[in-house]
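Student: Take this structure first; my questions come after.
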Amino acid sequence: MQNHFLMPYKEDSGVPPYLPFPRFLIPLDLSNDAKVLYALLFDRAGISRENGYIDPDGRIRLYFTVEEAKEKLHRSRQVATRAFQELERSGLLYSQRTSGRFVTEDEQLIQSLQASIAEKEIAEFLKKMERYGLKKEDIIKLIR
């Protein structure tokens, strides 16, 4: 059986199945396992939404066990558990004892993460522009 996803990517190539990976995860101080786990949870939430697994309060019901995480990540149970714990410590995931785990609804946390990422991106952009010989004042004029 030939794996078509390993073929050279050309103009007429189809898009292989992919996992949505939220960009805000990239600069966060989380292990790659935790970042990939979050992407897997995000993907599973989309599937749950499509299938109508929505609680009366609007939360999407999401079933993703440590055992599933272990299999999907190709890691040990201990590493999968640690990835869940990292996401909980960061506030991106929270647990309810009898209901399971949920992706955060904390808008302040999300906005704070977005602001932090934006600051880093802007700083990088300014450094690049300064390498081209532009001063901050010139850059600001160009942006306006």
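Identifiers in the structure tokens: chain A, B, ... in order shown; residue index from 1 per chain; ligand index from 1 in order shown.
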From the DSSP assignment of the backbone, select every residue of chain A that is strand (DSSP E), and format the answer as a PyMOL selection string.
Tutor: chain A and resi 93-96+100-103
Student: Write out as a list in words the residues lying within 7 Å of stretch 54-62 of chain A, counting only C-alpha atoms and excluding same-chain residues fewer than 4 positions away.
Tutor: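 What passes the distance filter is Arg44, Ala45, Ser48 and Arg49 of chain A.
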Student: Near A:Tyr38, counting only C-alpha atoms, which residues have an atom at most 12 Å away, once you skip same-chain residues fewer than 3 positions from it, shown as number ranges by chain?
Tutor: A: 19-26, 30-35, 41-45, 64, 69, 72-73, 80, 83-88, 90-93, 101-104
Student: Using N, CA and C atoms, can you export the residues from the last selection as an mmCIF file, in the first residue's frame?
Tutor:
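Resulting contents of result_25.cif:
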```
data_model
loop_
_atom_site.group_PDB
_atom_site.id
_atom_site.type_symbol
_atom_site.label_atom_id
_atom_site.label_comp_id
_atom_site.auth_asym_id
_atom_site.auth_seq_id
_atom_site.Cartn_x
_atom_site.Cartn_y
_atom_site.Cartn_z
ATOM 1 N N LEU A 19 -4.150 18.320 11.607
ATOM 2 C CA LEU A 19 -4.579 18.653 12.947
ATOM 3 C C LEU A 19 -4.467 20.164 13.103
ATOM 4 N N PRO A 20 -5.555 20.860 13.448
ATOM 5 C CA PRO A 20 -5.434 22.309 13.639
ATOM 6 C C PRO A 20 -4.548 22.589 14.858
ATOM 7 N N PHE A 21 -3.533 23.392 14.660
ATOM 8 C CA PHE A 21 -2.594 23.699 15.742
ATOM 9 C C PHE A 21 -2.652 25.201 16.016
ATOM 10 N N PRO A 22 -3.314 25.602 17.111
ATOM 11 C CA PRO A 22 -3.437 27.035 17.394
ATOM 12 C C PRO A 22 -2.067 27.704 17.527
ATOM 13 N N ARG A 23 -1.872 28.767 16.775
ATOM 14 C CA ARG A 23 -0.577 29.452 16.759
ATOM 15 C C ARG A 23 -0.169 30.001 18.120
ATOM 16 N N PHE A 24 -1.147 30.370 18.948
ATOM 17 C CA PHE A 24 -0.786 30.957 20.237
ATOM 18 C C PHE A 24 -0.019 29.986 21.122
ATOM 19 N N LEU A 25 -0.060 28.688 20.812
ATOM 20 C CA LEU A 25 0.654 27.699 21.613
ATOM 21 C C LEU A 25 2.165 27.750 21.404
ATOM 22 N N ILE A 26 2.595 28.153 20.226
ATOM 23 C CA ILE A 26 4.008 28.045 19.854
ATOM 24 C C ILE A 26 4.947 28.723 20.856
ATOM 25 N N LEU A 30 5.345 25.561 27.397
ATOM 26 C CA LEU A 30 4.751 24.242 27.607
ATOM 27 C C LEU A 30 5.580 23.232 26.837
ATOM 28 N N SER A 31 5.546 21.990 27.278
ATOM 29 C CA SER A 31 6.246 20.945 26.525
ATOM 30 C C SER A 31 5.538 20.745 25.189
ATOM 31 N N ASN A 32 6.262 20.200 24.237
ATOM 32 C CA ASN A 32 5.644 19.906 22.943
ATOM 33 C C ASN A 32 4.511 18.899 23.107
ATOM 34 N N ASP A 33 4.656 17.970 24.044
ATOM 35 C CA ASP A 33 3.586 17.003 24.292
ATOM 36 C C ASP A 33 2.305 17.717 24.726
ATOM 37 N N ALA A 34 2.422 18.698 25.613
ATOM 38 C CA ALA A 34 1.247 19.442 26.072
ATOM 39 C C ALA A 34 0.634 20.251 24.925
ATOM 40 N N LYS A 35 1.472 20.832 24.086
ATOM 41 C CA LYS A 35 0.962 21.606 22.947
ATOM 42 C C LYS A 35 0.219 20.710 21.964
ATOM 43 N N LEU A 41 -7.077 17.917 21.645
ATOM 44 C CA LEU A 41 -8.318 18.235 22.363
ATOM 45 C C LEU A 41 -9.166 19.223 21.561
ATOM 46 N N PHE A 42 -8.512 20.207 20.970
ATOM 47 C CA PHE A 42 -9.196 21.210 20.153
ATOM 48 C C PHE A 42 -9.876 20.530 18.964
ATOM 49 N N ASP A 43 -9.164 19.599 18.331
ATOM 50 C CA ASP A 43 -9.707 18.852 17.207
ATOM 51 C C ASP A 43 -10.899 18.010 17.660
ATOM 52 N N ARG A 44 -10.761 17.321 18.777
ATOM 53 C CA ARG A 44 -11.844 16.487 19.304
ATOM 54 C C ARG A 44 -13.058 17.349 19.655
ATOM 55 N N ALA A 45 -12.832 18.552 20.166
ATOM 56 C CA ALA A 45 -13.944 19.449 20.499
ATOM 57 C C ALA A 45 -14.732 19.804 19.237
ATOM 58 N N PHE A 64 -11.750 12.526 26.278
ATOM 59 C CA PHE A 64 -10.399 12.225 25.816
ATOM 60 C C PHE A 64 -9.620 11.749 27.030
ATOM 61 N N ALA A 69 -4.746 9.784 25.048
ATOM 62 C CA ALA A 69 -3.634 10.726 24.874
ATOM 63 C C ALA A 69 -2.325 9.963 24.721
ATOM 64 N N LYS A 72 -2.283 8.505 21.177
ATOM 65 C CA LYS A 72 -2.147 9.524 20.128
ATOM 66 C C LYS A 72 -0.773 10.191 20.144
ATOM 67 N N LEU A 73 -0.235 10.399 21.348
ATOM 68 C CA LEU A 73 1.068 11.054 21.474
ATOM 69 C C LEU A 73 2.228 10.062 21.281
ATOM 70 N N ALA A 80 1.729 11.377 29.197
ATOM 71 C CA ALA A 80 0.399 11.868 28.841
ATOM 72 C C ALA A 80 -0.254 12.569 30.036
ATOM 73 N N ALA A 83 1.293 15.923 30.543
ATOM 74 C CA ALA A 83 0.829 16.888 29.544
ATOM 75 C C ALA A 83 -0.524 17.472 29.964
ATOM 76 N N PHE A 84 -1.431 16.624 30.456
ATOM 77 C CA PHE A 84 -2.716 17.116 30.968
ATOM 78 C C PHE A 84 -2.474 18.073 32.137
ATOM 79 N N GLN A 85 -1.577 17.700 33.045
ATOM 80 C CA GLN A 85 -1.286 18.533 34.221
ATOM 81 C C GLN A 85 -0.708 19.886 33.805
ATOM 82 N N GLU A 86 0.177 19.883 32.813
ATOM 83 C CA GLU A 86 0.754 21.139 32.324
ATOM 84 C C GLU A 86 -0.341 22.068 31.803
ATOM 85 N N LEU A 87 -1.259 21.497 31.032
ATOM 86 C CA LEU A 87 -2.346 22.304 30.479
ATOM 87 C C LEU A 87 -3.242 22.844 31.589
ATOM 88 N N GLU A 88 -3.449 22.045 32.625
ATOM 89 C CA GLU A 88 -4.250 22.510 33.760
ATOM 90 C C GLU A 88 -3.519 23.616 34.520
ATOM 91 N N SER A 90 -1.365 25.690 33.385
ATOM 92 C CA SER A 90 -1.308 26.894 32.564
ATOM 93 C C SER A 90 -2.657 27.597 32.494
ATOM 94 N N GLY A 91 -3.709 26.887 32.892
ATOM 95 C CA GLY A 91 -5.050 27.461 32.844
ATOM 96 C C GLY A 91 -5.777 27.183 31.535
ATOM 97 N N LEU A 92 -5.123 26.516 30.599
ATOM 98 C CA LEU A 92 -5.769 26.231 29.309
ATOM 99 C C LEU A 92 -6.783 25.100 29.400
ATOM 100 N N LEU A 93 -6.706 24.336 30.459
ATOM 101 C CA LEU A 93 -7.602 23.207 30.675
ATOM 102 C C LEU A 93 -7.967 23.218 32.146
ATOM 103 N N ARG A 101 -12.539 16.974 32.083
ATOM 104 C CA ARG A 101 -11.716 18.153 31.803
ATOM 105 C C ARG A 101 -12.366 18.991 30.725
ATOM 106 N N PHE A 102 -12.122 20.303 30.809
ATOM 107 C CA PHE A 102 -12.678 21.242 29.846
ATOM 108 C C PHE A 102 -11.612 22.235 29.419
ATOM 109 N N VAL A 103 -11.715 22.715 28.192
ATOM 110 C CA VAL A 103 -10.845 23.786 27.716
ATOM 111 C C VAL A 103 -11.312 25.055 28.409
ATOM 112 N N THR A 104 -10.381 25.909 28.792
ATOM 113 C CA THR A 104 -10.707 27.092 29.574
ATOM 114 C C THR A 104 -11.703 28.009 28.874
#
```
Student: Please identify all polymer residues within 10 Å of stretch 114-125 of chain A, counting only C-alpha atoms, omitting same-chain residues fewer than 2 positions from it, and present them as a ChimeraX atom specification.
Tutor: /A:23-28,108-112,127-131,139
Student: So how many Å separate atom CA of A:Ala39 and atom CA of A:Tyr53, to one decimal?
Tutor: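 A separation of 18.6 Å between them.
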Student: Taking the DSSP secondary structure from the backbone, can you list the residues of stretch 44-130 of chain A that are helix (DSSP H, G or I), as a ChimeraX atom specification?
Tutor: /A:44-50,66-73,77-90,107-130
Student: Okay, now the selection with C-alpha atoms, as a PDB file, in the first residue's frame?
Tutor:
```pdb
ATOM      1  CA  ARG A  44     -11.844  16.487  19.304  1.00  0.00           C
ATOM      2  CA  ALA A  45     -13.944  19.449  20.499  1.00  0.00           C
ATOM      3  CA  GLY A  46     -14.695  20.315  16.861  1.00  0.00           C
ATOM      4  CA  ILE A  47     -15.837  16.754  16.198  1.00  0.00           C
ATOM      5  CA  SER A  48     -17.963  16.770  19.371  1.00  0.00           C
ATOM      6  CA  ARG A  49     -19.577  20.056  18.299  1.00  0.00           C
ATOM      7  CA  GLU A  50     -20.376  18.658  14.831  1.00  0.00           C
ATOM      8  CA  VAL A  66      -5.211   9.686  29.442  1.00  0.00           C
ATOM      9  CA  GLU A  67      -5.111   6.323  27.667  1.00  0.00           C
ATOM     10  CA  GLU A  68      -6.198   7.957  24.381  1.00  0.00           C
ATOM     11  CA  ALA A  69      -3.634  10.726  24.874  1.00  0.00           C
ATOM     12  CA  LYS A  70      -0.952   8.109  25.478  1.00  0.00           C
ATOM     13  CA  GLU A  71      -1.825   6.352  22.220  1.00  0.00           C
ATOM     14  CA  LYS A  72      -2.147   9.524  20.128  1.00  0.00           C
ATOM     15  CA  LEU A  73       1.068  11.054  21.474  1.00  0.00           C
ATOM     16  CA  ARG A  77       0.946   7.078  30.478  1.00  0.00           C
ATOM     17  CA  GLN A  78       3.157   9.185  32.756  1.00  0.00           C
ATOM     18  CA  VAL A  79       4.047  11.624  29.937  1.00  0.00           C
ATOM     19  CA  ALA A  80       0.399  11.868  28.841  1.00  0.00           C
ATOM     20  CA  THR A  81      -0.668  12.564  32.435  1.00  0.00           C
ATOM     21  CA  ARG A  82       2.051  15.221  32.756  1.00  0.00           C
ATOM     22  CA  ALA A  83       0.829  16.888  29.544  1.00  0.00           C
ATOM     23  CA  PHE A  84      -2.716  17.116  30.968  1.00  0.00           C
ATOM     24  CA  GLN A  85      -1.286  18.533  34.221  1.00  0.00           C
ATOM     25  CA  GLU A  86       0.754  21.139  32.324  1.00  0.00           C
ATOM     26  CA  LEU A  87      -2.346  22.304  30.479  1.00  0.00           C
ATOM     27  CA  GLU A  88      -4.250  22.510  33.760  1.00  0.00           C
ATOM     28  CA  ARG A  89      -1.433  24.458  35.482  1.00  0.00           C
ATOM     29  CA  SER A  90      -1.308  26.894  32.564  1.00  0.00           C
ATOM     30  CA  GLU A 107     -11.391  35.209  28.578  1.00  0.00           C
ATOM     31  CA  GLN A 108      -8.901  37.221  30.651  1.00  0.00           C
ATOM     32  CA  LEU A 109      -6.363  34.400  30.469  1.00  0.00           C
ATOM     33  CA  ILE A 110      -6.835  34.062  26.727  1.00  0.00           C
ATOM     34  CA  GLN A 111      -6.525  37.834  26.209  1.00  0.00           C
ATOM     35  CA  SER A 112      -3.432  37.911  28.404  1.00  0.00           C
ATOM     36  CA  LEU A 113      -1.824  35.133  26.363  1.00  0.00           C
ATOM     37  CA  GLN A 114      -2.737  36.919  23.133  1.00  0.00           C
ATOM     38  CA  ALA A 115      -1.287  40.215  24.410  1.00  0.00           C
ATOM     39  CA  SER A 116       1.918  38.497  25.504  1.00  0.00           C
ATOM     40  CA  ILE A 117       2.317  36.845  22.115  1.00  0.00           C
ATOM     41  CA  ALA A 118       1.540  40.107  20.301  1.00  0.00           C
ATOM     42  CA  GLU A 119       4.208  41.931  22.333  1.00  0.00           C
ATOM     43  CA  LYS A 120       6.816  39.324  21.399  1.00  0.00           C
ATOM     44  CA  GLU A 121       5.816  39.416  17.715  1.00  0.00           C
ATOM     45  CA  ILE A 122       5.929  43.228  17.640  1.00  0.00           C
ATOM     46  CA  ALA A 123       9.358  43.267  19.294  1.00  0.00           C
ATOM     47  CA  GLU A 124      10.632  40.782  16.694  1.00  0.00           C
ATOM     48  CA  PHE A 125       9.122  42.852  13.882  1.00  0.00           C
ATOM     49  CA  LEU A 126      10.749  46.045  15.178  1.00  0.00           C
ATOM     50  CA  LYS A 127      14.145  44.332  15.389  1.00  0.00           C
ATOM     51  CA  LYS A 128      13.815  43.153  11.789  1.00  0.00           C
ATOM     52  CA  MET A 129      12.838  46.606  10.559  1.00  0.00           C
ATOM     53  CA  GLU A 130      15.728  48.189  12.469  1.00  0.00           C
TER      54      GLU A 130
END
```
